[in-house]
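Chemist: What follows is the file input32.tsv, containing TSV, C-alpha atoms and all ligand atoms:
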```tsv
chain	number	residue	atom	x	y	z
G	1	MET	CA	83.47	98.31	102.81
G	2	ARG	CA	79.75	98.88	102.54
G	3	ASN	CA	79.39	95.53	100.84
G	4	TRP	CA	79.84	92.68	103.27
G	5	SER	CA	78.09	94.61	106.00
G	6	VAL	CA	74.56	94.23	107.32
G	7	PRO	CA	72.34	97.00	108.71
G	8	VAL	CA	71.54	96.56	112.41
G	9	GLY	CA	69.68	99.77	113.20
G	10	ARG	CA	69.68	103.57	113.16
G	11	VAL	CA	70.93	106.17	115.64
G	12	PHE	CA	70.20	109.87	115.08
G	13	GLY	CA	69.07	108.89	111.58
G	14	ILE	CA	72.47	107.37	110.78
G	15	GLU	CA	72.50	103.80	109.55
G	16	LEU	CA	74.47	101.44	111.78
G	17	ARG	CA	76.05	98.52	109.94
G	18	VAL	CA	78.09	95.56	111.13
G	19	HIS	CA	80.76	94.16	108.86
G	20	LEU	CA	80.51	90.39	108.45
G	21	THR	CA	84.14	89.94	109.56
G	22	PHE	CA	83.07	91.41	112.91
G	23	LEU	CA	80.91	88.32	113.46
G	24	PHE	CA	84.04	86.21	112.99
G	25	LEU	CA	85.62	88.17	115.82
G	26	LEU	CA	82.68	87.31	118.11
G	27	ALA	CA	82.84	83.63	117.11
G	28	PHE	CA	86.61	83.66	117.65
G	29	VAL	CA	86.31	85.13	121.16
G	30	TRP	CA	83.54	82.68	122.07
G	31	LEU	CA	85.38	79.60	120.80
G	32	THR	CA	88.80	80.39	122.26
G	33	GLU	CA	87.40	81.54	125.63
G	34	SER	CA	84.96	78.69	126.10
G	35	ALA	CA	87.62	76.14	125.10
G	36	ALA	CA	90.05	77.61	127.65
G	37	HIS	CA	87.82	78.71	130.55
G	38	GLY	CA	84.27	77.45	129.91
G	39	PRO	CA	81.08	79.18	128.76
G	40	VAL	CA	80.74	81.64	131.71
G	41	SER	CA	84.09	83.17	130.91
G	42	ALA	CA	83.17	83.13	127.20
G	43	GLY	CA	80.01	85.12	128.06
G	44	ARG	CA	82.11	87.70	129.89
G	45	GLY	CA	84.49	87.77	126.93
G	46	LEU	CA	81.61	88.62	124.61
G	47	ALA	CA	80.37	91.23	127.10
G	48	LEU	CA	83.82	92.85	126.98
G	49	VAL	CA	83.73	92.89	123.17
G	50	GLY	CA	80.23	94.40	123.45
G	51	ILE	CA	81.43	97.15	125.81
G	52	ILE	CA	84.41	98.04	123.63
G	53	PHE	CA	82.33	98.17	120.48
G	54	GLY	CA	79.58	100.13	122.20
G	55	CYS	CA	82.24	102.72	122.96
G	56	VAL	CA	83.50	102.54	119.36
G	57	VAL	CA	79.95	103.33	118.21
G	58	LEU	CA	79.80	106.32	120.58
G	59	HIS	CA	83.19	107.43	119.26
G	60	GLU	CA	81.91	107.27	115.66
G	61	LEU	CA	78.71	109.07	116.68
G	62	GLY	CA	80.95	111.84	118.01
G	63	HIS	CA	82.46	112.26	114.52
G	64	ALA	CA	79.07	111.96	112.82
G	65	LEU	CA	77.26	114.51	115.01
G	66	VAL	CA	79.98	117.14	114.72
G	67	ALA	CA	80.07	116.56	110.95
G	68	MET	CA	76.29	116.91	110.74
G	69	HIS	CA	76.52	120.10	112.75
G	70	ALA	CA	78.95	121.39	110.10
G	71	GLY	CA	76.45	120.52	107.37
G	72	ILE	CA	77.92	117.21	106.20
G	73	SER	CA	75.52	114.33	106.58
G	74	ALA	CA	76.71	110.93	107.77
G	75	LYS	CA	75.60	108.05	105.58
G	76	ALA	CA	76.52	105.15	107.82
G	77	ILE	CA	78.65	103.88	110.67
G	78	ILE	CA	80.28	100.53	109.95
G	79	LEU	CA	81.69	98.31	112.69
G	80	LEU	CA	84.84	96.40	111.70
G	81	PRO	CA	86.86	93.99	113.85
G	82	ILE	CA	89.49	96.71	114.31
G	83	GLY	CA	87.09	99.56	115.09
G	84	GLY	CA	84.52	101.74	113.39
G	85	VAL	CA	84.31	103.83	110.25
G	86	THR	CA	81.93	106.71	109.65
G	87	LEU	CA	81.00	107.27	106.02
G	88	LEU	CA	80.40	110.98	105.49
G	89	ASP	CA	78.55	112.21	102.46
G	90	GLU	CA	80.99	114.78	101.16
G	91	THR	CA	79.54	114.80	97.68
G	92	GLN	CA	76.58	117.00	98.52
G	93	HIS	CA	78.68	120.07	99.17
G	94	PRO	CA	81.08	121.64	96.75
G	95	ILE	CA	84.55	120.87	98.00
G	96	GLU	CA	85.93	124.15	99.22
G	97	PRO	CA	89.65	124.77	99.16
G	98	GLY	CA	91.35	122.97	102.06
G	99	ALA	CA	92.34	126.30	103.54
G	100	LEU	CA	88.74	126.96	104.50
G	101	THR	CA	87.83	123.56	105.83
G	102	TRP	CA	90.84	122.58	107.92
G	103	LYS	CA	89.37	123.80	111.19
G	104	ARG	CA	86.15	121.94	110.52
G	105	ASP	CA	88.08	118.75	109.66
G	106	ILE	CA	90.07	118.98	112.88
G	107	ARG	CA	86.89	119.41	114.93
G	108	ILE	CA	85.31	116.36	113.27
G	109	ALA	CA	88.46	114.26	113.81
G	110	LEU	CA	88.86	115.20	117.48
G	111	ALA	CA	85.20	114.63	118.38
G	112	GLY	CA	85.62	110.82	118.39
G	113	PRO	CA	88.56	110.54	120.82
G	114	LEU	CA	86.97	113.26	122.97
G	115	VAL	CA	83.90	111.05	123.48
G	116	ASN	CA	86.12	108.21	124.75
G	117	LEU	CA	88.05	110.54	127.07
G	118	ILE	CA	84.78	111.80	128.54
G	119	ILE	CA	83.54	108.23	129.09
G	120	ALA	CA	86.87	107.18	130.62
G	121	PHE	CA	87.08	110.12	133.02
G	122	SER	CA	83.45	110.08	134.10
G	123	ALA	CA	83.29	106.29	134.52
G	124	GLY	CA	86.69	106.37	136.24
G	125	SER	CA	85.74	109.03	138.77
G	126	ILE	CA	82.37	107.41	139.51
G	127	LEU	CA	84.06	104.05	140.11
G	128	LEU	CA	86.73	105.58	142.36
G	129	ALA	CA	84.01	107.29	144.40
G	130	VAL	CA	81.41	104.53	144.75
G	131	ALA	CA	83.22	101.26	144.07
G	132	PRO	CA	86.87	101.45	145.16
G	133	GLU	CA	86.93	97.64	145.35
G	134	ILE	CA	87.16	97.66	141.53
G	135	GLN	CA	90.81	98.68	141.97
G	136	LEU	CA	91.07	100.96	138.98
G	137	TRP	CA	94.88	101.01	138.99
G	138	ALA	CA	95.41	97.24	139.22
G	139	ARG	CA	96.50	95.08	136.32
G	140	PRO	CA	95.28	93.69	133.96
G	141	TYR	CA	93.69	96.95	132.84
G	142	VAL	CA	91.44	95.43	130.21
G	143	HIS	CA	90.19	91.92	130.94
G	144	SER	CA	86.86	90.11	130.90
G	145	SER	CA	87.23	89.30	134.64
G	146	ASN	CA	86.70	92.98	135.53
G	147	LEU	CA	84.29	94.65	133.12
G	148	ALA	CA	83.99	97.97	135.00
G	149	ARG	CA	87.74	98.53	135.08
G	150	SER	CA	87.91	97.47	131.42
G	151	LEU	CA	85.33	100.13	130.51
G	152	VAL	CA	87.59	102.90	131.81
G	153	TRP	CA	90.87	101.65	130.39
G	154	SER	CA	89.57	100.56	127.00
G	155	ASN	CA	88.13	104.04	126.45
G	156	LEU	CA	91.41	105.64	127.41
G	157	TRP	CA	93.18	103.26	125.06
G	158	LEU	CA	90.70	103.96	122.25
G	159	ALA	CA	91.24	107.70	122.62
G	160	LEU	CA	95.05	107.53	122.69
G	161	PHE	CA	95.32	104.97	119.92
G	162	ASN	CA	93.07	106.97	117.62
G	163	LEU	CA	95.07	110.12	118.31
G	164	LEU	CA	98.24	108.59	116.86
G	165	PRO	CA	99.19	110.67	113.82
G	166	ALA	CA	98.70	107.63	111.57
G	167	TYR	CA	96.35	108.52	108.73
G	168	PRO	CA	93.49	107.53	108.28
G	169	MET	CA	93.16	107.42	112.06
G	170	ASP	CA	91.91	110.56	113.77
G	171	GLY	CA	95.34	111.91	114.70
G	172	GLY	CA	96.38	111.46	111.07
G	173	ARG	CA	93.29	113.35	109.94
G	174	VAL	CA	94.27	116.26	112.15
G	175	LEU	CA	97.72	116.12	110.57
G	176	ARG	CA	96.25	116.13	107.06
G	177	ALA	CA	94.04	119.09	107.94
G	178	LEU	CA	97.14	120.97	109.15
G	179	PHE	CA	99.02	120.09	105.93
G	180	SER	CA	96.07	121.24	103.83
G	181	ARG	CA	96.55	124.80	105.04
G	182	ARG	CA	99.58	125.08	102.79
G	183	MET	CA	99.06	122.56	99.99
G	184	ASP	CA	96.33	121.16	97.79
G	185	PRO	CA	94.16	118.35	99.22
G	186	VAL	CA	95.79	115.56	97.21
G	187	GLN	CA	99.28	116.56	98.29
G	188	ALA	CA	98.15	116.89	101.91
G	189	THR	CA	96.54	113.45	101.78
G	190	ARG	CA	99.67	111.94	100.17
G	191	ARG	CA	101.90	113.29	102.90
G	192	ALA	CA	99.56	112.08	105.67
G	193	VAL	CA	99.27	108.68	103.96
G	194	THR	CA	103.07	108.31	103.84
G	195	ILE	CA	103.32	108.97	107.57
G	196	GLY	CA	100.34	106.67	108.22
G	197	GLN	CA	101.92	103.84	106.27
G	198	ALA	CA	105.19	104.26	108.13
G	199	PHE	CA	103.22	103.75	111.36
G	200	ALA	CA	101.36	100.80	109.83
G	201	THR	CA	104.64	99.13	108.86
G	202	LEU	CA	106.01	99.71	112.33
G	203	PHE	CA	102.86	98.13	113.85
G	204	MET	CA	103.20	95.10	111.62
G	205	LEU	CA	106.88	94.59	112.52
G	206	VAL	CA	106.49	95.17	116.27
G	207	GLY	CA	103.33	93.05	116.22
G	208	MET	CA	105.19	90.06	114.80
G	209	LEU	CA	107.52	90.11	117.81
G	210	TRP	CA	104.96	91.03	120.42
G	211	ASN	CA	101.27	90.66	119.60
G	212	ILE	CA	99.67	89.34	116.43
G	213	TRP	CA	96.67	91.72	116.84
G	214	LEU	CA	98.98	94.67	116.34
G	215	THR	CA	100.18	93.13	113.07
G	216	MET	CA	96.57	92.82	111.94
G	217	ILE	CA	95.79	96.42	112.89
G	218	GLY	CA	98.92	97.54	111.02
G	219	PHE	CA	97.84	95.62	107.95
G	220	PHE	CA	94.32	97.10	107.93
G	221	LEU	CA	95.75	100.55	108.53
G	222	PHE	CA	98.10	100.19	105.58
G	223	VAL	CA	95.29	99.16	103.24
G	224	ALA	CA	92.94	101.86	104.55
G	225	ALA	CA	95.60	104.55	103.98
G	226	GLN	CA	96.03	103.32	100.40
G	227	LEU	CA	92.28	103.45	99.75
G	228	GLU	CA	92.01	106.98	101.16
G	229	GLU	CA	94.80	108.17	98.91
G	230	ARG	CA	93.12	106.69	95.87
G	231	SER	CA	89.78	108.30	96.64
G	232	ALA	CA	91.48	111.68	97.17
G	233	VAL	CA	93.14	111.35	93.76
G	234	PHE	CA	89.85	110.32	92.17
G	235	GLN	CA	88.09	113.30	93.76
G	236	SER	CA	90.73	115.67	92.42
G	237	VAL	CA	90.39	114.19	88.93
G	238	LEU	CA	86.65	114.87	89.14
G	239	GLU	CA	87.44	118.45	90.15
G	240	THR	CA	89.91	119.11	87.35
G	241	VAL	CA	88.04	117.57	84.41
G	242	ARG	CA	85.84	120.15	82.62
G	243	LEU	CA	82.54	119.12	81.09
G	244	GLU	CA	83.78	120.25	77.67
G	245	ASP	CA	86.41	117.46	77.95
G	246	ILE	CA	83.87	114.68	78.18
G	247	MET	CA	80.45	115.91	77.04
G	248	LEU	CA	78.75	114.32	74.06
G	249	THR	CA	78.74	116.85	71.25
G	250	ASP	CA	77.16	114.55	68.69
G	251	PHE	CA	73.71	113.99	70.12
G	252	ALA	CA	70.06	113.91	69.11
G	253	THR	CA	67.38	116.27	70.39
G	254	LEU	CA	63.61	116.10	70.28
G	255	SER	CA	61.15	118.90	69.73
G	256	SER	CA	58.38	119.54	72.24
G	257	ALA	CA	55.94	119.50	69.29
G	258	ASP	CA	57.02	116.01	68.17
G	259	THR	CA	54.46	113.29	68.66
G	260	LEU	CA	55.55	110.44	70.92
G	261	GLU	CA	55.53	108.06	67.97
G	262	ASP	CA	57.88	110.35	66.01
G	263	ALA	CA	60.04	110.63	69.11
G	264	LEU	CA	60.22	106.87	69.49
G	265	ASP	CA	61.11	106.57	65.85
G	266	LYS	CA	64.04	108.99	66.34
G	267	ALA	CA	65.05	107.30	69.60
G	268	VAL	CA	65.27	103.93	67.89
G	269	HIS	CA	67.96	105.32	65.58
G	270	SER	CA	70.04	106.76	68.42
G	271	LEU	CA	72.29	105.18	71.05
G	272	GLN	CA	71.11	107.78	73.56
G	273	ASP	CA	68.77	106.89	76.38
G	274	ASP	CA	67.98	110.48	77.32
G	275	PHE	CA	67.11	113.41	75.08
G	276	PRO	CA	67.01	117.17	75.56
G	277	VAL	CA	63.69	118.61	74.39
G	278	LEU	CA	63.76	121.92	72.52
G	279	ARG	CA	61.16	124.46	71.58
G	280	GLY	CA	62.75	126.47	68.80
G	281	SER	CA	66.25	126.92	70.22
G	282	ASP	CA	65.17	126.95	73.89
G	283	MET	CA	65.59	123.95	76.12
G	284	VAL	CA	62.30	123.17	77.78
G	285	GLY	CA	62.75	119.69	79.23
G	286	VAL	CA	64.29	116.24	79.06
G	287	ILE	CA	62.81	112.86	78.24
G	288	SER	CA	64.09	109.29	78.25
G	289	LYS	CA	63.43	106.43	75.86
G	290	GLN	CA	61.82	104.66	78.79
G	291	LYS	CA	59.48	107.57	79.46
G	292	ILE	CA	58.42	107.79	75.80
G	293	LEU	CA	57.50	104.11	75.82
G	294	GLN	CA	55.65	104.39	79.13
G	295	ALA	CA	53.62	107.37	77.95
G	296	LEU	CA	52.77	105.63	74.69
G	297	ARG	CA	51.62	102.55	76.55
G	298	ALA	CA	49.60	104.44	79.12
G	299	GLU	CA	47.93	107.17	77.07
G	300	GLY	CA	48.50	106.31	73.44
G	301	ASN	CA	50.06	108.79	71.07
G	302	GLY	CA	50.43	112.31	72.43
G	303	TYR	CA	53.04	115.06	72.34
G	304	VAL	CA	56.51	115.02	73.83
G	305	GLN	CA	55.56	118.27	75.56
G	306	SER	CA	53.08	116.55	77.86
G	307	ALA	CA	55.29	113.58	78.74
G	308	MET	CA	58.67	115.28	79.20
G	309	ASN	CA	60.29	116.09	82.51
G	310	ARG	CA	60.34	119.86	83.00
G	311	ILE	CA	62.58	119.64	86.02
G	312	PHE	CA	66.18	119.57	84.93
G	313	ASP	CA	69.45	121.24	85.66
G	314	VAL	CA	71.90	122.70	83.18
G	315	ALA	CA	75.65	123.04	83.46
G	316	GLN	CA	78.23	125.33	81.89
G	317	LYS	CA	80.94	124.06	79.54
G	318	LYS	CA	83.68	125.04	82.00
G	319	GLU	CA	82.05	123.42	85.00
G	320	SER	CA	83.88	120.55	86.67
G	321	LEU	CA	82.84	116.95	86.35
G	322	ALA	CA	82.49	116.82	90.14
G	323	SER	CA	79.91	119.59	90.03
G	324	ALA	CA	77.95	117.85	87.25
G	325	PHE	CA	78.11	114.65	89.22
G	326	ARG	CA	76.66	116.37	92.27
G	327	LYS	CA	73.82	117.81	90.17
G	328	LEU	CA	73.06	114.42	88.61
G	329	THR	CA	73.01	112.52	91.90
G	330	SER	CA	71.36	115.10	94.15
G	331	LYS	CA	68.31	115.43	91.90
G	332	ASN	CA	68.29	111.88	90.59
G	333	LEU	CA	68.74	113.08	87.02
G	334	SER	CA	70.12	110.96	84.24
G	335	ILE	CA	71.04	113.77	81.84
G	336	ILE	CA	72.54	117.24	82.12
G	337	PRO	CA	72.43	119.58	79.13
G	338	VAL	CA	75.60	121.65	78.74
G	339	ILE	CA	75.08	125.27	77.85
G	340	GLU	CA	77.30	127.99	76.44
G	341	ASP	CA	75.89	131.48	75.88
G	342	GLN	CA	72.32	130.15	76.31
G	343	ARG	CA	73.02	127.64	73.57
G	344	LEU	CA	72.90	123.85	73.97
G	345	VAL	CA	76.39	122.65	73.07
G	346	GLY	CA	76.48	119.15	74.54
G	347	ILE	CA	74.99	116.67	76.96
G	348	VAL	CA	76.36	114.61	79.82
G	349	THR	CA	74.44	111.49	80.76
G	350	LEU	CA	75.10	108.97	83.54
G	351	GLN	CA	75.24	106.37	80.80
G	352	ASN	CA	78.16	108.03	79.03
G	353	LEU	CA	79.88	109.40	82.14
G	354	MET	CA	81.68	106.25	83.28
G	355	HIS	CA	82.54	105.38	79.72
G	356	SER	CA	84.07	108.76	78.95
G	357	MET	CA	85.94	108.81	82.28
G	358	ALA	CA	87.68	105.59	81.29
G	359	LEU	CA	88.48	106.94	77.82
G	360	LEU	CA	89.77	110.18	79.30
G	361	ALA	CA	92.03	108.32	81.74
G	362	GLU	CA	93.44	106.29	78.82
G	363	SER	CA	94.06	109.31	76.63
G	364	ARG	CA	95.80	111.14	79.50
G	365	LYS	CA	97.99	108.09	80.08
G	366	LEU	CA	98.87	107.93	76.37
G	367	ARG	CA	99.65	111.64	76.29
G	368	LYS	CA	101.84	111.30	79.39
G	369	ALA	CA	103.61	108.28	77.87
G	370	ALA	CA	104.22	110.29	74.69
G	371	LEU	CA	105.66	113.16	76.76
G	372	ASP	CA	107.88	110.84	78.79
G	373	ALA	CA	109.20	109.05	75.73
T	401	ZN	ZN	87.70	108.24	115.07
```
Would you give me this structure, written as structure tokens?

Modeler:
Amino acid sequence: MRNWSVPVGRVFGIELRVHLTFLFLLAFVWLTESAAHGPVSAGRGLALVGIIFGCVVLHELGHALVAMHAGISAKAIILLPIGGVTLLDETQHPIEPGALTWKRDIRIALAGPLVNLIIAFSAGSILLAVAPEIQLWARPYVHSSNLARSLVWSNLWLALFNLLPAYPMDGGRVLRALFSRRMDPVQATRRAVTIGQAFATLFMLVGMLWNIWLTMIGFFLFVAAQLEERSAVFQSVLETVRLEDIMLTDFATLSSADTLEDALDKAVHSLQDDFPVLRGSDMVGVISKQKILQALRAEGNGYVQSAMNRIFDVAQKKESLASAFRKLTSKNLSIIPVIEDQRLVGIVTLQNLMHSMALLAESRKLRKAALDA
């Protein structure tokens, strides 16, 4: 979803992006309105879209700020034709068992609808007090001919709609958090997804009879639920795979006393891009083929010791792939040495990670097929 969206600014340090399909929505409103009622009405139509999406942004900011308060940073808010999505960066923190995070998840989920309720009630009471001619209770509730009334009702609608227990909408997220008290995260997500897709199907069917927009919302909801389920499964695979399952055990090392030319010579004969550097049996750094070449070019022949990167992180054999992944990405490393009893027993590199994940998935499938047969 991040592809196909363009950055339009930052709020509270969170990147705000607009999905390209959203621009189609604007064009659609402009064309249909100006064809039917002329450009003035089309302008009001766009203003209404602007108001609704402004409130969607505030809704998403509600999620993002509560998440940030809980220590999860928000990467971006993306505006789609059917609403907004906040991308939270959940990779930076170890995933704790659901039992500990369910309250936090519920707070994050409820923050969005709460923002809309606050806007609806404050705007509503101000309008009733100072501008009764707006006729808050008259129909149509949301229409471009009465923008002030639309502000109140669209926020109320946004809050109620998002509170439906249809995962991945906010109500569904609350439901998943409640499920996760008693089951593992993947199971909880599966159950919430099933309920969400039942809602989505209902929307699509009712929409066909009543309003085509509802069909579209149902369709997007169905797809979104599917994607969420997949990413939950992927996350759990990352958590269950141990480094010993995928680490490279047949690998080359360099010595800190090697000259760069010797190192390059060894590197040429290896498929590896990154090498652990040892002094005796101690790990003292890491160096990449690239870095060896750079150092040779810049300073001529020297020792690996002076060119290697002394900042690195090690992992234990039993550590999960998810944890190694967090270490690799948080420090921008490309290699993690795997240690057992102070001894270097393997390496995990970004280069081999994706490759071994695919192999592992295949071998699990084969094993499962063999068991089923
Ligand atoms: Zn929300």

Chemist: Counting all atoms listed in the file, which residue out of G:Val6, G:Cys55, G:Val223, G:Ile14 sits closest to ligand ZN 401 (chain T)?

Modeler: G:Cys55

Chemist: For ligand ZN 401 (chain T), return the neighbouring residues as a compact mmCIF listing (two decimals) with C-alpha atoms, in the coordinates of the input (distance at most 10 Å; all atoms listed in the file).

Modeler:
```txt
# COMPACT_ATOMS: atom_id res chain seq x y z
CA VAL G 56 83.50 102.54 119.36
CA VAL G 57 79.95 103.33 118.21
CA LEU G 58 79.80 106.32 120.58
CA HIS G 59 83.19 107.43 119.26
CA GLU G 60 81.91 107.27 115.66
CA LEU G 61 78.71 109.07 116.68
CA GLY G 62 80.95 111.84 118.01
CA HIS G 63 82.46 112.26 114.52
CA ALA G 64 79.07 111.96 112.82
CA GLY G 83 87.09 99.56 115.09
CA GLY G 84 84.52 101.74 113.39
CA VAL G 85 84.31 103.83 110.25
CA THR G 86 81.93 106.71 109.65
CA ILE G 108 85.31 116.36 113.27
CA ALA G 109 88.46 114.26 113.81
CA LEU G 110 88.86 115.20 117.48
CA ALA G 111 85.20 114.63 118.38
CA GLY G 112 85.62 110.82 118.39
CA PRO G 113 88.56 110.54 120.82
CA LEU G 114 86.97 113.26 122.97
CA VAL G 115 83.90 111.05 123.48
CA ASN G 116 86.12 108.21 124.75
CA LEU G 158 90.70 103.96 122.25
CA ALA G 159 91.24 107.70 122.62
CA PHE G 161 95.32 104.97 119.92
CA ASN G 162 93.07 106.97 117.62
CA LEU G 163 95.07 110.12 118.31
CA PRO G 168 93.49 107.53 108.28
CA MET G 169 93.16 107.42 112.06
CA ASP G 170 91.91 110.56 113.77
CA GLY G 171 95.34 111.91 114.70
CA ARG G 173 93.29 113.35 109.94
```

Chemist: Can you tell me how far atom CA of G:Gln197 sits from atom CA of G:Leu227, in Å to one decimal?

Modeler: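 The value is 11.6 Å.
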
Chemist: Which residues are near G:Arg139? Cut-off 12 Å, all atoms listed in the file, ignore same chain within fewer than 6 positions. Put them as a PyMOL selection string.

Modeler: chain G and resi 145-146+149-150+153

Chemist: How many Å separate atom CA of G:Asp274 from atom CA of G:Asp89?

Modeler: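 Separation of atom CA of G:Asp274 and atom CA of G:Asp89: 27.3 Å.
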
Chemist: Taking only C-alpha atoms into account, which of G:Gln235, G:Gln187, G:Gln272, G:Gln290 comes nearest G:Phe325?

Modeler: G:Gln235

Chemist: Take atom CA of G:Arg326 and atom CA of G:Gln305 and report the distance between them in Å, one decimal.

Modeler: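 Computing the Euclidean distance for atom CA of G:Arg326 and atom CA of G:Gln305 yields 27.0 Å.
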
Chemist: Go through G:Ile311, G:Ile347, G:Ala35, G:Ala192 and flag the residue nearest G:Asn332, using all atoms listed in the file for the distances.

Modeler: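 Ranking G:Ile311, G:Ile347, G:Ala35, G:Ala192 by distance to G:Asn332, first place goes to G:Ile311.
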
Chemist: Skipping near chain neighbours, those fewer than 5 positions away, what residues fall within 10 Å of G:Lys327 using all atoms listed in the file, listed as a ChimeraX atom specification?

Modeler: /G:91-92,312-315,321-322,332-336

Chemist: Hey, which of G:Lys289, G:Gln351, G:Ser236, G:Ala298 ends up closest to G:Ser320? Count all atoms listed in the file.

Modeler: G:Ser236

Chemist: In terms of the shortest atom-to-atom distance over only C-alpha atoms, which of G:Asn211, G:Arg230, G:Pro165, G:Asp250 is closest to G:Ala198?

Modeler: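 Ranked by minimum distance to G:Ala198, first place goes to G:Pro165.
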
Chemist: Counting only C-alpha atoms, what is within 8 Å of G:Leu260, bar same-chain residues fewer than 4 positions away, as number ranges by chain?

Modeler: G: 264, 292, 295-296, 301-304

Chemist: List the spatial neighbours of G:Glu229 as a PyMOL selection string - criterion: any atom at most 7 Å away, all atoms listed in the file, same-chain residues fewer than 2 positions off excluded.

Modeler: chain G and resi 189-190+193+225-227+231-233

Chemist: From the options G:Ala138, G:Ala131, G:Ala148, G:Ala252, which residue's atoms come nearest to G:Arg44, counting all atoms listed in the file?

Modeler: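 Looking at the shortest contact to G:Arg44, the residue is G:Ala148.
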
Chemist: Can you find the residues with an atom no farther than 9 Å from (89.4, 92.4, 111.2), counting only C-alpha atoms, and report them as number ranges by chain?

Modeler: G: 21-22, 24-25, 80-83, 216-217, 220

Chemist: Keeping only C-alpha atoms, write those residues as a PDB file, in the coordinates of the input.

Modeler:
```pdb
ATOM      1  CA  THR G  21      84.140  89.940 109.560  1.00  0.00           C
ATOM      2  CA  PHE G  22      83.070  91.410 112.910  1.00  0.00           C
ATOM      3  CA  PHE G  24      84.040  86.210 112.990  1.00  0.00           C
ATOM      4  CA  LEU G  25      85.620  88.170 115.820  1.00  0.00           C
ATOM      5  CA  LEU G  80      84.840  96.400 111.700  1.00  0.00           C
ATOM      6  CA  PRO G  81      86.860  93.990 113.850  1.00  0.00           C
ATOM      7  CA  ILE G  82      89.490  96.710 114.310  1.00  0.00           C
ATOM      8  CA  GLY G  83      87.090  99.560 115.090  1.00  0.00           C
ATOM      9  CA  MET G 216      96.570  92.820 111.940  1.00  0.00           C
ATOM     10  CA  ILE G 217      95.790  96.420 112.890  1.00  0.00           C
ATOM     11  CA  PHE G 220      94.320  97.100 107.930  1.00  0.00           C
TER      12      PHE G 220
END
```

Chemist: If the box runs along x, y and z of the file and leaves 3 Å on each side of stretch 149-166 of chain G, what are its centre and edge lengths in Å, one decimal, as lines of an AutoDock Vina configuration file?

Modeler:
```
center_x = 92.3
center_y = 104.1
center_z = 123.3
size_x = 19.9
size_y = 19.2
size_z = 29.5
```

Chemist: Residues at most 12 Å from G:Asp341, counting all atoms listed in the file, excluding those fewer than 4 positions away in the same chain, as number ranges by chain?

Modeler: G: 282, 315-318, 345
